[in-house]
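Dropping upload_27.csv in here (CSV, C-alpha atoms):
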```csv
chain,number,residue,atom,x,y,z
A,1,MET,CA,-205.6,-64.6,-112.4
A,2,LEU,CA,-207.0,-68.0,-113.2
A,3,ARG,CA,-209.3,-66.3,-115.8
A,4,TRP,CA,-206.2,-64.6,-117.4
A,5,ARG,CA,-204.3,-67.9,-117.4
A,6,LEU,CA,-207.1,-69.6,-119.2
A,7,ILE,CA,-207.6,-66.8,-121.8
A,8,LEU,CA,-203.9,-66.4,-122.5
A,9,GLY,CA,-203.3,-70.1,-122.5
A,10,VAL,CA,-205.9,-70.6,-125.3
A,11,LEU,CA,-204.4,-67.7,-127.2
A,12,PHE,CA,-200.8,-69.1,-126.9
A,13,VAL,CA,-201.9,-72.5,-128.1
A,14,ALA,CA,-203.7,-70.9,-131.0
A,15,ALA,CA,-200.8,-68.7,-131.9
A,16,PHE,CA,-198.4,-71.6,-131.7
A,17,VAL,CA,-200.6,-73.8,-134.0
A,18,ALA,CA,-200.9,-70.9,-136.4
A,19,VAL,CA,-197.1,-70.4,-136.6
A,20,CYS,CA,-196.5,-74.1,-137.1
A,21,TRP,CA,-199.1,-74.3,-139.8
A,22,LEU,CA,-197.8,-71.3,-141.7
A,23,ASP,CA,-194.2,-72.6,-141.3
A,24,SER,CA,-195.2,-76.0,-142.6
A,25,VAL,CA,-196.8,-74.7,-145.8
A,26,VAL,CA,-194.0,-72.3,-147.0
A,27,THR,CA,-191.3,-73.6,-149.2
A,28,ARG,CA,-188.6,-72.4,-146.8
A,29,PRO,CA,-188.8,-74.1,-143.4
A,30,GLY,CA,-188.4,-71.6,-140.5
A,31,ALA,CA,-189.6,-68.6,-142.5
A,32,PHE,CA,-192.3,-67.9,-139.8
A,33,LEU,CA,-190.6,-69.5,-136.8
A,34,LEU,CA,-187.4,-67.4,-137.0
A,35,PRO,CA,-189.2,-64.0,-136.7
A,36,ALA,CA,-191.3,-65.4,-133.9
A,37,VAL,CA,-188.1,-66.6,-132.0
A,38,LEU,CA,-186.4,-63.2,-132.6
A,39,MET,CA,-189.4,-61.4,-131.2
A,40,VAL,CA,-189.7,-63.4,-128.0
A,41,SER,CA,-185.9,-63.3,-127.6
A,42,TRP,CA,-186.0,-59.5,-127.7
A,43,MET,CA,-188.7,-59.5,-125.0
A,44,ALA,CA,-186.7,-61.9,-122.9
A,45,VAL,CA,-183.6,-59.6,-123.0
A,46,VAL,CA,-185.8,-56.7,-121.9
A,47,GLU,CA,-186.9,-58.7,-118.9
A,48,LEU,CA,-183.4,-59.8,-118.0
A,49,LEU,CA,-182.1,-56.2,-118.2
A,50,GLU,CA,-184.9,-55.0,-115.9
A,51,MET,CA,-184.0,-57.7,-113.4
A,52,PHE,CA,-180.3,-56.8,-113.5
A,53,ASN,CA,-181.1,-53.1,-113.1
A,54,ASN,CA,-183.3,-53.9,-110.1
A,55,ARG,CA,-180.1,-54.9,-108.3
A,56,GLY,CA,-178.1,-51.9,-109.6
A,57,ARG,CA,-176.3,-54.0,-112.3
A,58,GLN,CA,-176.2,-52.3,-115.7
A,59,PRO,CA,-174.5,-54.2,-118.5
A,60,ALA,CA,-174.3,-52.4,-121.9
A,61,ALA,CA,-177.9,-53.0,-123.2
A,62,TRP,CA,-177.0,-52.7,-126.9
A,63,SER,CA,-174.4,-55.5,-126.6
A,64,LEU,CA,-177.0,-57.8,-125.1
A,65,TYR,CA,-179.6,-57.1,-127.8
A,66,CYS,CA,-177.1,-57.3,-130.6
A,67,GLY,CA,-175.4,-60.4,-129.2
A,68,VAL,CA,-178.7,-62.3,-128.8
A,69,LEU,CA,-179.9,-61.1,-132.2
A,70,LEU,CA,-176.7,-62.3,-133.8
A,71,ALA,CA,-176.9,-65.8,-132.1
A,72,VAL,CA,-180.5,-66.4,-133.2
A,73,LEU,CA,-179.9,-65.1,-136.7
A,74,SER,CA,-176.8,-67.3,-137.0
A,75,ALA,CA,-178.9,-70.3,-136.0
A,76,GLY,CA,-181.3,-69.3,-138.7
A,77,VAL,CA,-178.7,-68.9,-141.5
A,78,PRO,CA,-180.2,-71.9,-143.4
A,79,VAL,CA,-183.5,-69.9,-143.5
A,80,LEU,CA,-181.9,-66.7,-144.6
A,81,TRP,CA,-179.3,-68.3,-146.9
A,82,PRO,CA,-180.4,-71.7,-148.1
A,83,GLY,CA,-177.2,-72.3,-150.0
A,84,ALA,CA,-175.2,-72.2,-146.8
A,85,VAL,CA,-176.6,-75.6,-145.8
A,86,ALA,CA,-174.5,-77.3,-148.4
A,87,ALA,CA,-171.3,-76.0,-147.0
A,88,ASP,CA,-169.4,-78.8,-145.4
A,89,THR,CA,-167.3,-76.7,-143.0
A,90,VAL,CA,-170.1,-74.7,-141.3
A,91,THR,CA,-173.5,-76.4,-141.0
A,92,GLY,CA,-176.1,-76.8,-138.3
A,93,LEU,CA,-174.8,-75.9,-134.9
A,94,GLY,CA,-171.6,-74.4,-136.4
A,95,TRP,CA,-173.5,-71.3,-137.4
A,96,LEU,CA,-174.9,-71.0,-133.9
A,97,ALA,CA,-171.5,-71.4,-132.4
A,98,ILE,CA,-170.1,-68.6,-134.6
A,99,GLY,CA,-173.0,-66.3,-133.6
A,100,LEU,CA,-172.3,-67.0,-129.9
A,101,ALA,CA,-168.6,-66.3,-130.3
A,102,PHE,CA,-169.2,-63.0,-132.1
A,103,GLY,CA,-171.9,-62.2,-129.5
A,104,LEU,CA,-169.3,-62.6,-126.8
A,105,LEU,CA,-167.0,-60.2,-128.6
A,106,LEU,CA,-169.8,-57.7,-128.7
A,107,ALA,CA,-170.2,-58.0,-125.0
A,108,PHE,CA,-166.5,-57.1,-124.6
A,109,CYS,CA,-167.0,-54.2,-126.9
A,110,GLY,CA,-170.0,-53.0,-124.9
A,111,GLU,CA,-167.9,-52.7,-121.7
A,112,LEU,CA,-164.7,-51.5,-123.5
A,113,VAL,CA,-166.4,-48.4,-124.8
A,114,ARG,CA,-167.5,-47.3,-121.4
A,115,TYR,CA,-164.8,-48.7,-119.2
A,116,ASP,CA,-164.1,-46.4,-116.2
A,117,GLY,CA,-161.6,-48.5,-114.2
A,118,ARG,CA,-164.2,-49.6,-111.6
A,119,TRP,CA,-164.7,-53.1,-110.3
A,120,HIS,CA,-168.2,-53.7,-111.8
A,121,THR,CA,-167.0,-54.2,-115.3
A,122,THR,CA,-166.4,-57.9,-114.9
A,123,ILE,CA,-169.8,-58.4,-113.4
A,124,ASN,CA,-171.5,-56.6,-116.2
A,125,LEU,CA,-169.5,-58.6,-118.8
A,126,GLY,CA,-170.6,-61.8,-117.0
A,127,LEU,CA,-174.2,-60.7,-117.1
A,128,ALA,CA,-174.0,-59.9,-120.8
A,129,ALA,CA,-172.3,-63.2,-121.6
A,130,LEU,CA,-175.0,-65.0,-119.6
A,131,THR,CA,-177.8,-63.3,-121.4
A,132,ILE,CA,-176.3,-64.0,-124.9
A,133,LEU,CA,-175.8,-67.7,-124.1
A,134,TYR,CA,-179.0,-68.1,-122.1
A,135,VAL,CA,-181.4,-66.4,-124.5
A,136,GLY,CA,-179.6,-66.4,-127.8
A,137,GLY,CA,-177.9,-69.8,-127.5
A,138,LEU,CA,-180.8,-71.7,-126.2
A,139,ALA,CA,-183.3,-70.0,-128.5
A,140,GLY,CA,-180.9,-70.9,-131.3
A,141,PHE,CA,-181.4,-74.6,-130.5
A,142,VAL,CA,-185.2,-74.1,-130.9
A,143,VAL,CA,-184.5,-72.8,-134.4
A,144,GLN,CA,-182.1,-75.6,-135.1
A,145,LEU,CA,-184.7,-78.2,-134.1
A,146,ARG,CA,-187.0,-76.8,-136.8
A,147,LEU,CA,-184.3,-77.0,-139.4
A,148,LEU,CA,-183.3,-80.6,-138.7
A,149,HIS,CA,-182.5,-82.4,-141.9
A,150,VAL,CA,-183.3,-79.4,-144.0
A,151,GLY,CA,-181.0,-79.4,-147.0
A,152,THR,CA,-180.5,-83.2,-147.0
A,153,ALA,CA,-181.9,-85.6,-149.6
A,154,ASN,CA,-185.6,-86.3,-149.5
A,155,SER,CA,-186.3,-83.7,-146.8
A,156,ASP,CA,-189.1,-81.3,-147.0
A,157,GLY,CA,-188.8,-80.0,-143.4
A,158,ARG,CA,-191.5,-82.2,-141.8
A,159,LEU,CA,-189.1,-84.0,-139.5
A,160,GLY,CA,-188.0,-80.6,-138.2
A,161,MET,CA,-191.5,-79.6,-137.5
A,162,LEU,CA,-192.1,-82.9,-135.6
A,163,ALA,CA,-188.9,-82.2,-133.6
A,164,LEU,CA,-190.2,-78.8,-132.6
A,165,VAL,CA,-193.7,-79.8,-131.8
A,166,SER,CA,-192.6,-82.8,-129.8
A,167,LEU,CA,-190.3,-80.6,-127.7
A,168,ILE,CA,-192.8,-77.9,-126.9
A,169,ALA,CA,-195.7,-80.3,-126.3
A,170,THR,CA,-193.6,-82.6,-124.0
A,171,VAL,CA,-192.2,-79.7,-122.0
A,172,LYS,CA,-195.5,-77.7,-121.6
A,173,MET,CA,-197.5,-80.8,-120.7
A,174,SER,CA,-194.8,-81.6,-118.1
A,175,ASP,CA,-195.3,-78.1,-116.7
A,176,ILE,CA,-199.0,-78.7,-116.4
A,177,GLY,CA,-198.4,-82.1,-114.7
A,178,GLN,CA,-196.1,-80.5,-112.2
A,179,TYR,CA,-198.6,-77.8,-111.3
A,180,ALA,CA,-201.6,-80.1,-111.1
A,181,VAL,CA,-200.0,-82.9,-109.2
A,182,GLY,CA,-198.1,-80.5,-106.9
A,183,ARG,CA,-201.3,-78.7,-106.0
A,184,LEU,CA,-203.2,-82.0,-105.4
A,185,VAL,CA,-200.7,-84.2,-103.5
A,186,GLY,CA,-197.5,-82.2,-103.2
A,187,ARG,CA,-195.9,-82.4,-99.8
A,188,HIS,CA,-192.1,-82.5,-100.1
A,189,LYS,CA,-190.5,-79.2,-101.4
A,190,LEU,CA,-188.2,-79.6,-104.4
A,191,SER,CA,-186.2,-76.4,-103.8
A,192,PRO,CA,-187.8,-74.3,-101.1
A,193,LEU,CA,-185.5,-71.3,-101.3
A,194,VAL,CA,-185.7,-71.0,-105.1
A,195,SER,CA,-189.3,-72.1,-105.8
A,196,PRO,CA,-191.4,-72.8,-102.8
A,197,GLY,CA,-194.3,-74.0,-104.8
A,198,LYS,CA,-192.5,-76.9,-106.5
A,199,THR,CA,-192.6,-80.3,-105.0
A,200,TRP,CA,-191.0,-83.7,-105.7
A,201,GLU,CA,-194.5,-85.2,-106.2
A,202,GLY,CA,-195.2,-82.5,-108.8
A,203,ALA,CA,-191.9,-83.1,-110.5
A,204,LEU,CA,-192.7,-86.9,-110.7
A,205,GLY,CA,-196.2,-86.2,-112.1
A,206,GLY,CA,-194.7,-83.8,-114.7
A,207,ILE,CA,-192.2,-86.5,-115.8
A,208,VAL,CA,-194.9,-89.1,-116.2
A,209,LEU,CA,-197.1,-86.7,-118.2
A,210,ALA,CA,-194.1,-85.8,-120.3
A,211,VAL,CA,-193.5,-89.5,-121.2
A,212,ILE,CA,-197.1,-89.9,-122.2
A,213,THR,CA,-197.0,-86.8,-124.3
A,214,ALA,CA,-193.7,-87.9,-126.0
A,215,TRP,CA,-195.3,-91.2,-126.8
A,216,ILE,CA,-198.3,-89.5,-128.4
A,217,ALA,CA,-196.1,-87.1,-130.3
A,218,PHE,CA,-193.9,-89.8,-131.8
A,219,ASP,CA,-196.9,-92.0,-132.7
A,220,TRP,CA,-200.0,-90.1,-133.5
A,221,GLY,CA,-198.2,-86.8,-134.0
A,222,ALA,CA,-195.6,-88.3,-136.4
A,223,GLN,CA,-198.4,-90.0,-138.4
A,224,MET,CA,-200.2,-86.7,-138.7
A,225,LEU,CA,-197.1,-84.7,-139.7
A,226,ILE,CA,-195.1,-87.1,-141.9
A,227,GLY,CA,-197.7,-89.7,-142.8
A,228,SER,CA,-196.5,-93.1,-143.9
A,229,HIS,CA,-192.9,-92.2,-142.9
A,230,ALA,CA,-193.8,-92.1,-139.2
A,231,ILE,CA,-191.0,-92.3,-136.7
A,232,ASP,CA,-190.4,-95.9,-135.6
A,233,SER,CA,-188.5,-95.1,-132.3
A,234,GLU,CA,-187.9,-97.8,-129.7
A,235,PRO,CA,-190.1,-97.5,-126.6
A,236,VAL,CA,-187.0,-97.0,-124.4
A,237,ALA,CA,-185.9,-94.1,-126.6
A,238,VAL,CA,-189.2,-92.4,-126.4
A,239,ILE,CA,-189.4,-92.8,-122.6
A,240,SER,CA,-185.8,-91.6,-122.3
A,241,PHE,CA,-186.7,-88.6,-124.4
A,242,GLY,CA,-189.7,-87.7,-122.2
A,243,VAL,CA,-187.8,-88.1,-119.0
A,244,ALA,CA,-184.7,-86.2,-120.1
A,245,VAL,CA,-186.7,-83.3,-121.6
A,246,ALA,CA,-188.9,-83.0,-118.5
A,247,ILE,CA,-185.9,-82.9,-116.2
A,248,ALA,CA,-184.2,-80.3,-118.3
A,249,GLY,CA,-187.4,-78.3,-118.3
A,250,ILE,CA,-187.6,-78.5,-114.5
A,251,LEU,CA,-183.9,-77.3,-114.2
A,252,GLY,CA,-184.7,-74.5,-116.6
A,253,ASP,CA,-187.6,-73.4,-114.5
A,254,LEU,CA,-185.6,-73.5,-111.3
A,255,GLY,CA,-182.7,-71.7,-113.0
A,256,GLU,CA,-184.9,-68.8,-114.1
A,257,SER,CA,-186.6,-68.7,-110.6
A,258,MET,CA,-183.1,-68.4,-109.1
A,259,ILE,CA,-182.4,-65.4,-111.3
A,260,LYS,CA,-185.7,-63.8,-110.2
A,261,ARG,CA,-185.0,-64.5,-106.5
A,262,ASP,CA,-181.6,-62.9,-106.9
A,263,ALA,CA,-183.2,-59.9,-108.6
A,264,GLY,CA,-185.8,-59.6,-105.9
A,265,VAL,CA,-188.8,-60.0,-108.2
A,266,LYS,CA,-191.7,-62.5,-108.3
A,267,ASP,CA,-192.2,-62.5,-112.1
A,268,SER,CA,-189.8,-61.7,-114.9
A,269,SER,CA,-192.3,-59.0,-116.0
A,270,THR,CA,-196.1,-58.2,-115.9
A,271,TRP,CA,-196.6,-58.5,-119.7
A,272,LEU,CA,-198.6,-61.7,-119.4
A,273,PRO,CA,-201.2,-61.6,-116.5
A,274,GLY,CA,-201.4,-65.0,-114.8
A,275,PHE,CA,-198.2,-66.2,-116.4
A,276,GLY,CA,-195.7,-63.4,-115.5
A,277,GLY,CA,-193.3,-62.7,-118.3
A,278,VAL,CA,-191.9,-64.2,-121.5
A,279,LEU,CA,-189.1,-65.9,-119.6
A,280,ASP,CA,-191.6,-67.4,-117.1
A,281,LEU,CA,-193.4,-68.9,-120.1
A,282,LEU,CA,-190.3,-70.1,-122.0
A,283,ASP,CA,-187.7,-71.0,-119.4
A,284,SER,CA,-188.4,-74.7,-119.5
A,285,VAL,CA,-188.6,-74.8,-123.3
A,286,LEU,CA,-185.2,-73.0,-123.6
A,287,ALA,CA,-183.5,-75.4,-121.2
A,288,ALA,CA,-184.9,-78.5,-122.8
A,289,ALA,CA,-184.2,-77.5,-126.4
A,290,PRO,CA,-180.5,-78.6,-126.5
A,291,VAL,CA,-181.5,-81.9,-124.8
A,292,ALA,CA,-184.1,-82.6,-127.5
A,293,TYR,CA,-181.6,-81.6,-130.2
A,294,LEU,CA,-179.1,-84.1,-128.8
A,295,PHE,CA,-181.6,-87.0,-129.0
A,296,TRP,CA,-182.3,-86.2,-132.6
A,297,ALA,CA,-178.6,-85.5,-133.5
A,298,LEU,CA,-177.6,-88.9,-132.2
A,299,GLY,CA,-180.5,-90.7,-133.9
A,300,ILE,CA,-181.9,-91.9,-130.5
A,301,VAL,CA,-185.3,-90.6,-131.8
A,302,GLY,CA,-185.8,-90.1,-135.5
A,303,PRO,CA,-183.1,-90.7,-138.1
A,304,SER,CA,-179.5,-89.6,-137.3
A,305,LEU,CA,-178.3,-86.3,-138.7
A,306,SER,CA,-175.4,-88.2,-140.3
A,307,ARG,CA,-177.7,-90.4,-142.4
```
Here is a file; write its structure as structure tokens.
Amino acid sequence: MLRWRLILGVLFVAAFVAVCWLDSVVTRPGAFLLPAVLMVSWMAVVELLEMFNNRGRQPAAWSLYCGVLLAVLSAGVPVLWPGAVAADTVTGLGWLAIGLAFGLLLAFCGELVRYDGRWHTTINLGLAALTILYVGGLAGFVVQLRLLHVGTANSDGRLGMLALVSLIATVKMSDIGQYAVGRLVGRHKLSPLVSPGKTWEGALGGIVLAVITAWIAFDWGAQMLIGSHAIDSEPVAVISFGVAVAIAGILGDLGESMIKRDAGVKDSSTWLPGFGGVLDLLDSVLAAAPVAYLFWALGIVGPSLSR
């Protein structure tokens, strides 16, 4: 397993770097990221459906796929339709909100067309809504981070790339810190019923490494990505960003572990030896994405979206 973790880990990093590089050289930011997010979102829905089915719960699969697809595509409207960015009434998260609303309507449709008067309809509808919000909504925030400031004056998309890279680097380094410190000195269980391997010591180590990573991202990373216009964020802001993103990532990891425990499975799937499934790999990133977006939207790190 360790061999597979090392091999796949290197491949994931290489694939991420390749997507970021390709996305940074095209004239339309998000042109490479959006298809990648759509692909992993589809895989995540497959995994959730398998876990639901493992407990005999069978929401209408087509409504989950279509709802998640609609949410992610709505978040990527500025990629698909650049002129939409200029609209004052529906910009940024407005598109994602619209996609989620219509995704919920699709969930209702999925259960309406097969309603048989039995009690399980509400459960299936709840599972469909959860999937659309969890996968489609949170993945939509990842897309929105990449599109930060796109369409505004003097923006070429590099700030959005910094926002995306800083999120993923901070969260994944936090995951590494949690694992390493937990294995070395972990004694006190963080949530023994949900994730027996997680410890308070590991969580603290992950938060510390997240802060260090955020500091590097907003200093060296910013200089590399946007040159002379490097982000001049206050130390307190960068530390707060690292702590908040790490905590959100931990909650996301625990939340996905809870779903797996309820489904009676160890991993969300066996697609990725040593890692589990796509959700096992992305759970912390998905949960941390809206937190990172809030820091950027309020101008706590980087320029405010209202500027």
- Item | Distance in Å - CA of His149 (chain A) versus CA of Leu225 (chain A) |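 Taking CA of His149 (chain A) and CA of Leu225 (chain A), their separation equals 14.9 Å.
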- CA of Gly205 (chain A) to CA of Ser240 (chain A), straight-line distance in Å: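 For CA of Ser240 (chain A) relative to CA of Gly205 (chain A), the distance reads 15.5 Å.
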- Nearest candidate to Val143 (chain A) (options A:Leu34, A:Leu106, A:Ala60, A:Leu130; using all atoms listed in the file):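 Residue with the minimum atom-to-atom distance to Val143 (chain A): A:Leu34.
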- Message: Please report the interatomic distance between CA of Leu11 (chain A) and CA of Ala289 (chain A) in Å with one decimal.
- Response: 22.5 Å
- Message: Between A:Ala287, A:Ser166, A:Val17, A:Ser257, which residue has the minimum interatomic distance to Pro196 (chain A), considering all atoms listed in the file?
- Response: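 For Pro196 (chain A), the nearest of the given residues is A:Ser257.
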- Message: At a cut-off of 9 Å, using all atoms listed in the file, what residues contact region 109-115 of chain A? Leave out same-chain residues fewer than 5 positions from it and give the result as a list in words.
- Response: Pro59, Ala60, Ala61, Trp62, Ser63, Leu64, Leu104, Thr121, Thr122, Asn124, Leu125 and Ala128 of chain A
